[in-house]
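One file, my_file.cif, carrying mmCIF, C-alpha atoms:
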```cif
data_coords
loop_
_atom_site.label_atom_id
_atom_site.label_comp_id
_atom_site.auth_asym_id
_atom_site.auth_seq_id
_atom_site.Cartn_x
_atom_site.Cartn_y
_atom_site.Cartn_z
CA MET A 251 -22.96 7.68 -8.40
CA ASN A 252 -20.85 5.68 -10.86
CA LEU A 253 -17.62 4.62 -9.18
CA SER A 254 -16.07 2.50 -11.91
CA ASP A 255 -14.65 4.73 -14.62
CA SER A 256 -13.31 8.25 -14.89
CA ARG A 257 -13.76 11.02 -16.17
CA THR A 258 -13.18 13.74 -18.73
CA ALA A 259 -14.15 14.03 -22.39
CA GLY A 260 -11.16 14.08 -24.71
CA GLN A 261 -8.92 12.23 -22.22
CA PRO A 262 -8.23 8.51 -21.90
CA ILE A 263 -10.59 6.71 -19.56
CA VAL A 264 -8.85 5.92 -16.27
CA ARG A 265 -10.24 2.96 -14.38
CA VAL A 266 -10.26 3.42 -10.63
CA SER A 267 -11.23 1.07 -7.83
CA ALA A 268 -14.38 1.64 -5.84
CA ALA A 269 -12.29 2.31 -2.74
CA GLU A 270 -10.25 4.91 -4.60
CA ALA A 271 -13.42 6.65 -5.79
CA VAL A 272 -14.95 6.71 -2.30
CA PHE A 273 -11.69 7.89 -0.78
CA SER A 274 -11.38 10.67 -3.35
CA ALA A 275 -14.92 11.84 -2.66
CA LEU A 276 -14.34 11.90 1.09
CA ARG A 277 -10.96 13.59 0.79
CA ARG A 278 -12.34 16.24 -1.53
CA GLY A 279 -15.21 16.92 0.87
CA ILE A 280 -12.79 17.28 3.79
CA GLU A 281 -10.22 19.45 1.99
CA GLU A 282 -12.86 21.71 0.47
CA GLY A 283 -14.67 22.18 3.79
CA GLN A 284 -17.87 20.34 2.99
CA LEU A 285 -16.92 17.95 5.79
CA PRO A 286 -15.43 20.35 8.36
CA VAL A 287 -12.99 19.48 11.11
CA GLY A 288 -14.90 18.09 14.08
CA GLU A 289 -17.73 16.64 12.01
CA LYS A 290 -18.71 13.04 12.47
CA LEU A 291 -18.87 11.05 9.26
CA PRO A 292 -21.91 8.95 8.43
CA SER A 293 -21.76 5.31 9.48
CA GLU A 294 -20.13 2.69 7.27
CA ALA A 295 -23.57 1.40 6.33
CA ALA A 296 -24.77 4.88 5.37
CA LEU A 297 -21.65 5.59 3.30
CA ALA A 298 -21.96 2.21 1.59
CA GLN A 299 -25.53 3.04 0.64
CA ARG A 300 -24.65 6.56 -0.49
CA TYR A 301 -21.87 5.40 -2.83
CA ASP A 302 -23.49 2.08 -3.76
CA VAL A 303 -20.53 -0.02 -2.62
CA SER A 304 -19.89 -2.69 0.00
CA ARG A 305 -18.99 -1.85 3.57
CA SER A 306 -15.56 -3.44 3.04
CA VAL A 307 -14.90 -0.85 0.30
CA VAL A 308 -15.93 1.93 2.68
CA ARG A 309 -13.63 0.56 5.38
CA GLU A 310 -10.72 0.53 2.94
CA ALA A 311 -11.39 4.16 1.98
CA LEU A 312 -11.72 5.19 5.63
CA ARG A 313 -8.42 3.49 6.52
CA SER A 314 -6.74 5.58 3.84
CA CYS A 315 -8.34 8.76 5.21
CA ALA A 316 -7.07 7.84 8.67
CA ALA A 317 -3.58 6.99 7.37
CA LEU A 318 -3.36 10.47 5.83
CA GLY A 319 -4.36 12.04 9.13
CA LEU A 320 -7.68 13.39 7.86
CA THR A 321 -9.95 11.32 10.08
CA GLU A 322 -9.87 9.45 13.35
CA SER A 323 -12.00 6.53 14.49
CA ARG A 324 -13.14 6.69 18.10
CA THR A 325 -14.32 3.48 19.69
CA GLY A 326 -18.05 3.51 20.28
CA LYS A 327 -18.44 7.00 18.83
CA GLY A 328 -17.64 6.77 15.12
CA THR A 329 -15.24 8.43 12.67
CA PHE A 330 -14.51 12.14 12.91
CA VAL A 331 -12.74 14.64 10.67
CA VAL A 332 -9.63 15.80 12.55
CA SER A 333 -7.75 17.75 9.86
CA ALA A 334 -8.41 19.39 6.51
CA ARG A 335 -4.78 18.87 5.48
CA VAL A 336 -2.84 15.68 4.86
CA ALA A 337 -0.36 14.87 7.62
CA LYS A 338 3.42 14.99 7.18
CA ASP A 339 3.62 11.24 7.77
CA LEU A 340 1.27 8.31 7.31
CA ALA A 341 -0.13 6.68 10.43
CA LEU A 342 0.03 2.91 9.92
CA GLY A 343 -1.16 1.47 13.20
CA THR A 344 1.77 0.90 15.55
CA TYR A 345 4.29 2.31 13.07
CA SER A 346 4.50 5.24 10.68
CA ALA A 347 5.59 5.41 7.06
CA ARG A 348 8.78 7.13 8.20
CA ASP A 349 9.49 4.26 10.59
CA LEU A 350 9.15 1.80 7.71
CA HIS A 351 11.23 3.87 5.31
CA GLU A 352 14.10 4.18 7.77
CA ALA A 353 14.09 0.48 8.70
CA ARG A 354 13.16 -1.49 5.59
CA PRO A 355 16.34 -0.93 3.50
CA HIS A 356 18.43 -2.35 6.35
CA ILE A 357 16.25 -5.47 6.46
CA GLU A 358 14.78 -6.20 3.06
CA VAL A 359 17.76 -5.31 0.85
CA PRO A 360 20.16 -7.79 2.50
CA ALA A 361 17.30 -10.28 2.85
CA ALA A 362 16.79 -10.20 -0.92
CA GLY A 363 20.50 -10.84 -1.47
CA LEU A 364 20.52 -13.77 0.93
CA ALA A 365 17.34 -15.14 -0.66
CA ALA A 366 19.11 -15.14 -4.04
CA ARG A 367 21.96 -17.15 -2.52
CA ARG A 368 19.88 -19.59 -0.49
CA ARG A 369 16.64 -20.13 -2.42
CA THR A 370 15.52 -23.63 -3.28
CA GLU A 371 13.45 -24.69 -6.27
CA GLU A 372 10.42 -24.80 -3.97
CA ASP A 373 11.13 -21.23 -2.84
CA VAL A 374 11.41 -20.04 -6.44
CA GLN A 375 8.11 -21.71 -7.34
CA LEU A 376 6.40 -20.08 -4.35
CA LEU A 377 7.61 -16.62 -5.36
CA ARG A 378 6.68 -17.31 -9.00
CA ASP A 379 3.15 -18.22 -7.90
CA VAL A 380 2.81 -15.10 -5.74
CA VAL A 381 4.11 -12.74 -8.43
CA GLY A 382 1.87 -14.36 -11.03
CA ALA A 383 -1.15 -14.06 -8.77
CA MET A 384 -0.40 -10.39 -8.11
CA VAL A 385 -0.26 -9.53 -11.81
CA ALA A 386 -3.57 -11.31 -12.41
CA GLU A 387 -5.35 -10.00 -9.30
CA ASP A 388 -8.15 -7.48 -9.82
CA ASP A 389 -9.29 -7.23 -6.21
CA PRO A 390 -7.22 -4.52 -4.45
CA GLN A 391 -7.50 -6.06 -0.99
CA ALA A 392 -6.45 -9.50 -2.23
CA TRP A 393 -3.51 -7.87 -4.04
CA VAL A 394 -2.37 -6.18 -0.84
CA GLU A 395 -2.36 -9.53 0.97
CA LEU A 396 -0.24 -11.01 -1.83
CA ASP A 397 2.11 -8.01 -1.63
CA THR A 398 2.84 -8.53 2.04
CA SER A 399 3.12 -12.29 1.49
CA PHE A 400 5.80 -11.65 -1.16
CA HIS A 401 7.93 -9.58 1.21
CA ALA A 402 7.40 -12.03 4.08
CA ALA A 403 8.40 -14.94 1.85
CA ILE A 404 11.67 -13.25 0.83
CA ALA A 405 12.53 -12.66 4.48
CA ARG A 406 11.86 -16.33 5.23
CA ILE A 407 13.83 -17.53 2.19
CA SER A 408 16.79 -15.42 3.31
CA GLY A 409 17.31 -17.93 6.10
CA ASN A 410 17.82 -15.13 8.63
CA ARG A 411 15.28 -15.42 11.42
CA VAL A 412 15.87 -11.85 12.58
CA PHE A 413 14.80 -10.55 9.17
CA GLU A 414 11.86 -12.96 9.10
CA ASN A 415 10.66 -11.93 12.56
CA VAL A 416 11.01 -8.20 11.91
CA ILE A 417 8.92 -8.45 8.72
CA ALA A 418 6.32 -10.45 10.64
CA ASP A 419 6.22 -7.72 13.30
CA ILE A 420 5.71 -4.90 10.79
CA ARG A 421 3.42 -6.85 8.46
CA GLU A 422 0.25 -5.05 9.54
CA ALA A 423 1.89 -1.66 8.90
CA LEU A 424 3.12 -2.86 5.51
CA THR A 425 -0.43 -3.90 4.67
CA HIS A 426 -1.85 -0.50 5.61
CA GLN A 427 0.87 1.31 3.67
CA SER A 428 0.38 -0.80 0.55
CA GLU A 429 -3.38 -0.37 0.72
CA THR A 430 -3.10 3.41 1.09
CA LEU A 431 -0.59 3.78 -1.75
CA ASN A 432 -2.84 1.78 -4.05
CA VAL A 433 -5.91 3.84 -3.16
CA VAL A 434 -4.19 7.24 -3.25
CA ALA A 435 -1.28 6.85 -5.67
CA ASP A 436 -2.29 3.90 -7.89
CA ARG A 437 0.93 2.02 -7.13
CA GLN A 438 -0.21 -1.49 -8.08
CA PRO A 439 0.93 -1.68 -11.75
CA ARG A 440 4.38 -0.23 -11.03
CA SER A 441 4.76 -2.37 -7.94
CA ASP A 442 4.04 -5.49 -10.00
CA GLU A 443 6.93 -4.60 -12.31
CA GLU A 444 9.26 -3.96 -9.38
CA HIS A 445 8.33 -7.23 -7.68
CA LEU A 446 8.91 -9.11 -10.92
CA ARG A 447 12.44 -7.69 -11.14
CA VAL A 448 13.17 -8.78 -7.55
CA PHE A 449 11.79 -12.24 -8.25
CA ARG A 450 13.83 -12.71 -11.42
CA ALA A 451 17.05 -11.81 -9.62
CA ILE A 452 16.30 -14.31 -6.85
CA GLU A 453 15.31 -16.95 -9.40
CA GLN A 454 18.60 -16.43 -11.25
CA GLY A 455 20.61 -16.56 -8.03
CA ASP A 456 21.99 -13.03 -8.49
CA PRO A 457 22.43 -11.45 -5.03
CA GLY A 458 23.70 -8.11 -6.33
CA GLU A 459 20.76 -7.63 -8.68
CA ALA A 460 18.29 -8.84 -6.03
CA GLU A 461 19.59 -6.23 -3.59
CA ALA A 462 19.54 -3.50 -6.26
CA ALA A 463 16.00 -4.42 -7.32
CA MET A 464 14.73 -4.37 -3.75
CA ARG A 465 16.53 -1.09 -3.06
CA ASP A 466 14.92 0.49 -6.13
CA HIS A 467 11.50 -0.87 -5.12
CA LEU A 468 11.74 0.63 -1.65
CA ALA A 469 12.93 3.95 -3.11
CA ALA A 470 9.92 3.98 -5.44
CA VAL A 471 7.61 3.37 -2.49
CA HIS A 472 9.22 6.28 -0.67
CA ASP A 473 8.84 8.53 -3.71
CA ALA A 474 5.15 7.62 -3.96
CA LEU A 475 4.68 8.48 -0.31
CA GLY A 476 6.23 11.86 -1.00
CA THR A 477 3.52 12.65 -3.52
CA ILE A 478 0.70 12.22 -1.02
CA THR A 479 2.03 13.55 2.29
CA ALA A 480 1.83 17.21 3.26
CA ASP A 481 5.52 17.99 2.80
CA GLY A 482 6.16 15.69 -0.14
CA PRO A 483 7.15 17.07 -3.54
CA GLY A 484 4.48 17.19 -6.19
CA ARG A 485 1.60 16.20 -3.94
CA SER A 486 -1.44 15.78 -6.12
CA ARG A 487 -5.04 16.36 -5.25
CA PRO A 488 -7.66 13.83 -6.29
#
```
Please render this file's structure as structure tokens.
Amino acid sequence: MNLSDSRTAGQPIVRVSAAEAVFSALRRGIEEGQLPVGEKLPSEAALAQRYDVSRSVVREALRSCAALGLTESRTGKGTFVVSARVAKDLALGTYSARDLHEARPHIEVPAAGLAARRRTEEDVQLLRDVVGAMVAEDDPQAWVELDTSFHAAIARISGNRVFENVIADIREALTHQSETLNVVADRQPRSDEEHLRVFRAIEQGDPGEAEAAMRDHLAAVHDALGTITADGPGRSRP
């Protein structure tokens, strides 16, 4: 199975990641009943061999299946199909996507404004390096780590330890959400543009624009979530 390029004659070629291709295959099998509810999925090693990818790629795809509520991993037993329909909310470890959506604007929007007021030249260079690395990064998992580092750095630069500690507490959930959105909704290119706008506002010392850019970024994340959850508008099938 070729997992690199897609798909249809007469249409532009769309490059997808290996994790996205594996996820799409698994999701299609679950939603179309080829992998019925209650069935145990093959092991990571078996799936990696079947799709000719690494086990880390399989794990990434399985985390996205679990986040959408399609599968559940049971310690010592394996991964099982638990639903043929995407859940109303993403499960992101300790927190849900709804939890993040309700909380993040109250934390990250003012943090971006404070970061624009309080940033040093060293802070600006750090953010410049992170944004540059994100744009150049081809590895999805490495990009996700840079994404969460960007948001954590802004919280730190804000100089507000409450904001910094809250972002540290939800960092794992942010990682899972970012990973799932990239696999399911191909958010990476648009997210790069949004992060660049936030960075430029902080670099220029413009609190109002920094807050607006972060607000728009979080709204775009929420809109993307709406396309993949069960009750979201315009949910697309792979």
As lines of an AutoDock Vina configuration file, please report the centre and edge lengths, rounded to one decimal in Å, of the axis-aligned box that holds all listed atoms of range 405-421 of chain A with 6 Å of padding on each of the six sides.
```
center_x = 10.6
center_y = -11.4
center_z = 7.7
size_x = 26.4
size_y = 25.0
size_z = 23.1
```
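Going from CA of Gly455 in chain A to CA of Arg367 in chain A covers 5.7 Å.
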| Looking at A:Val434, A:Asp339, A:Ala362, A:Asp397, which one is nearest to Ala269 in chain A, with distances taken over all atoms listed in the file? | A:Val434
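Checking A:Ser399, A:Gln299, A:Ser306, A:Ser323 one by one against Ser428 in chain A, counting all atoms listed in the file, you find the shortest gap at A:Ser399.
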| said: Using only C-alpha atoms for the distances, tell me which of A:Asn432, A:Ser441, A:Ser346, A:Ser408 is nearest to Val359 in chain A. | reply: A:Ser408
| request: Pick out the closest residue to His351 in chain A from this set: A:Glu461, A:Asp473, A:Asp373, A:Glu444. Count only C-alpha atoms. | output: A:Asp473
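For the atom pair formed by CA of Ala435 in chain A and CA of Asp419 in chain A, the distance is 25.1 Å, given to one decimal.
Taking CA of Arg421 in chain A and CA of Ala402 in chain A as endpoints, the distance between them is 7.9 Å.
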| query | Excluding same-chain residues fewer than 5 positions from Arg369 in chain A, what lies within 10 Å of it counting only C-alpha atoms, as JSON, numbers by chain? | reply | {"A": [364, 374, 375, 404, 406, 407, 408, 409, 452, 453, 454, 455]}
Next, write the just-selected residues to a file, as a PDB file, in the coordinates of the input, keeping C-alpha atoms as the atom set.
```
ATOM      1  CA  LEU A 364      20.520 -13.770   0.930  1.00  0.00           C
ATOM      2  CA  VAL A 374      11.410 -20.040  -6.440  1.00  0.00           C
ATOM      3  CA  GLN A 375       8.110 -21.710  -7.340  1.00  0.00           C
ATOM      4  CA  ILE A 404      11.670 -13.250   0.830  1.00  0.00           C
ATOM      5  CA  ARG A 406      11.860 -16.330   5.230  1.00  0.00           C
ATOM      6  CA  ILE A 407      13.830 -17.530   2.190  1.00  0.00           C
ATOM      7  CA  SER A 408      16.790 -15.420   3.310  1.00  0.00           C
ATOM      8  CA  GLY A 409      17.310 -17.930   6.100  1.00  0.00           C
ATOM      9  CA  ILE A 452      16.300 -14.310  -6.850  1.00  0.00           C
ATOM     10  CA  GLU A 453      15.310 -16.950  -9.400  1.00  0.00           C
ATOM     11  CA  GLN A 454      18.600 -16.430 -11.250  1.00  0.00           C
ATOM     12  CA  GLY A 455      20.610 -16.560  -8.030  1.00  0.00           C
TER      13      GLY A 455
END
```
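Restricting the calculation to only C-alpha atoms, the smallest distance between Leu276 in chain A and any of A:Val448, A:Met464, A:Ala334, A:Ile478 is found for A:Ala334.
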| query | Which of these residues is nearest to Ala347 in chain A, using all atoms listed in the file: A:Val380, A:Leu468, A:Ala462, A:Ala418? | reply | A:Leu468
| request: List the neighbours of Glu294 in chain A out to 9 Å using only C-alpha atoms; skip same-chain residues closer than 6 positions along the sequence, and give me the result as number ranges by chain. | output: A: 305-306, 308-309, 312
| field | Result set of the PyMOL selection byres ((chain A and resi 321) around 9) on the coordinates above, as a VMD selection string | value | chain A and resid 287 291 312 to 313 315 to 320 322 to 323 329 to 334
Find the spatial neighbours of Pro360 in chain A, counting only C-alpha atoms, within a cut-off of 10 Å - ignore same-chain residues fewer than 4 positions away - and output them as an mmCIF file with C-alpha atoms, in the coordinates of the input.
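That gives us selection-v2.cif:
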```cif
data_model
loop_
_atom_site.group_PDB
_atom_site.id
_atom_site.type_symbol
_atom_site.label_atom_id
_atom_site.label_comp_id
_atom_site.auth_asym_id
_atom_site.auth_seq_id
_atom_site.Cartn_x
_atom_site.Cartn_y
_atom_site.Cartn_z
ATOM 1 C CA ARG A 354 13.160 -1.490 5.590
ATOM 2 C CA PRO A 355 16.340 -0.930 3.500
ATOM 3 C CA HIS A 356 18.430 -2.350 6.350
ATOM 4 C CA LEU A 364 20.520 -13.770 0.930
ATOM 5 C CA ALA A 365 17.340 -15.140 -0.660
ATOM 6 C CA ALA A 366 19.110 -15.140 -4.040
ATOM 7 C CA ALA A 405 12.530 -12.660 4.480
ATOM 8 C CA SER A 408 16.790 -15.420 3.310
ATOM 9 C CA ASN A 410 17.820 -15.130 8.630
ATOM 10 C CA PHE A 413 14.800 -10.550 9.170
ATOM 11 C CA PRO A 457 22.430 -11.450 -5.030
ATOM 12 C CA GLY A 458 23.700 -8.110 -6.330
ATOM 13 C CA ALA A 460 18.290 -8.840 -6.030
ATOM 14 C CA GLU A 461 19.590 -6.230 -3.590
ATOM 15 C CA ALA A 462 19.540 -3.500 -6.260
ATOM 16 C CA MET A 464 14.730 -4.370 -3.750
ATOM 17 C CA ARG A 465 16.530 -1.090 -3.060
#
```
| task | Check what the PyMOL selection byres ((chain A and resi 423) around 9) selects in the file above and give those residues as an MDAnalysis selection string. | result | chainID A and resid 341:347 350 419:422 424:428
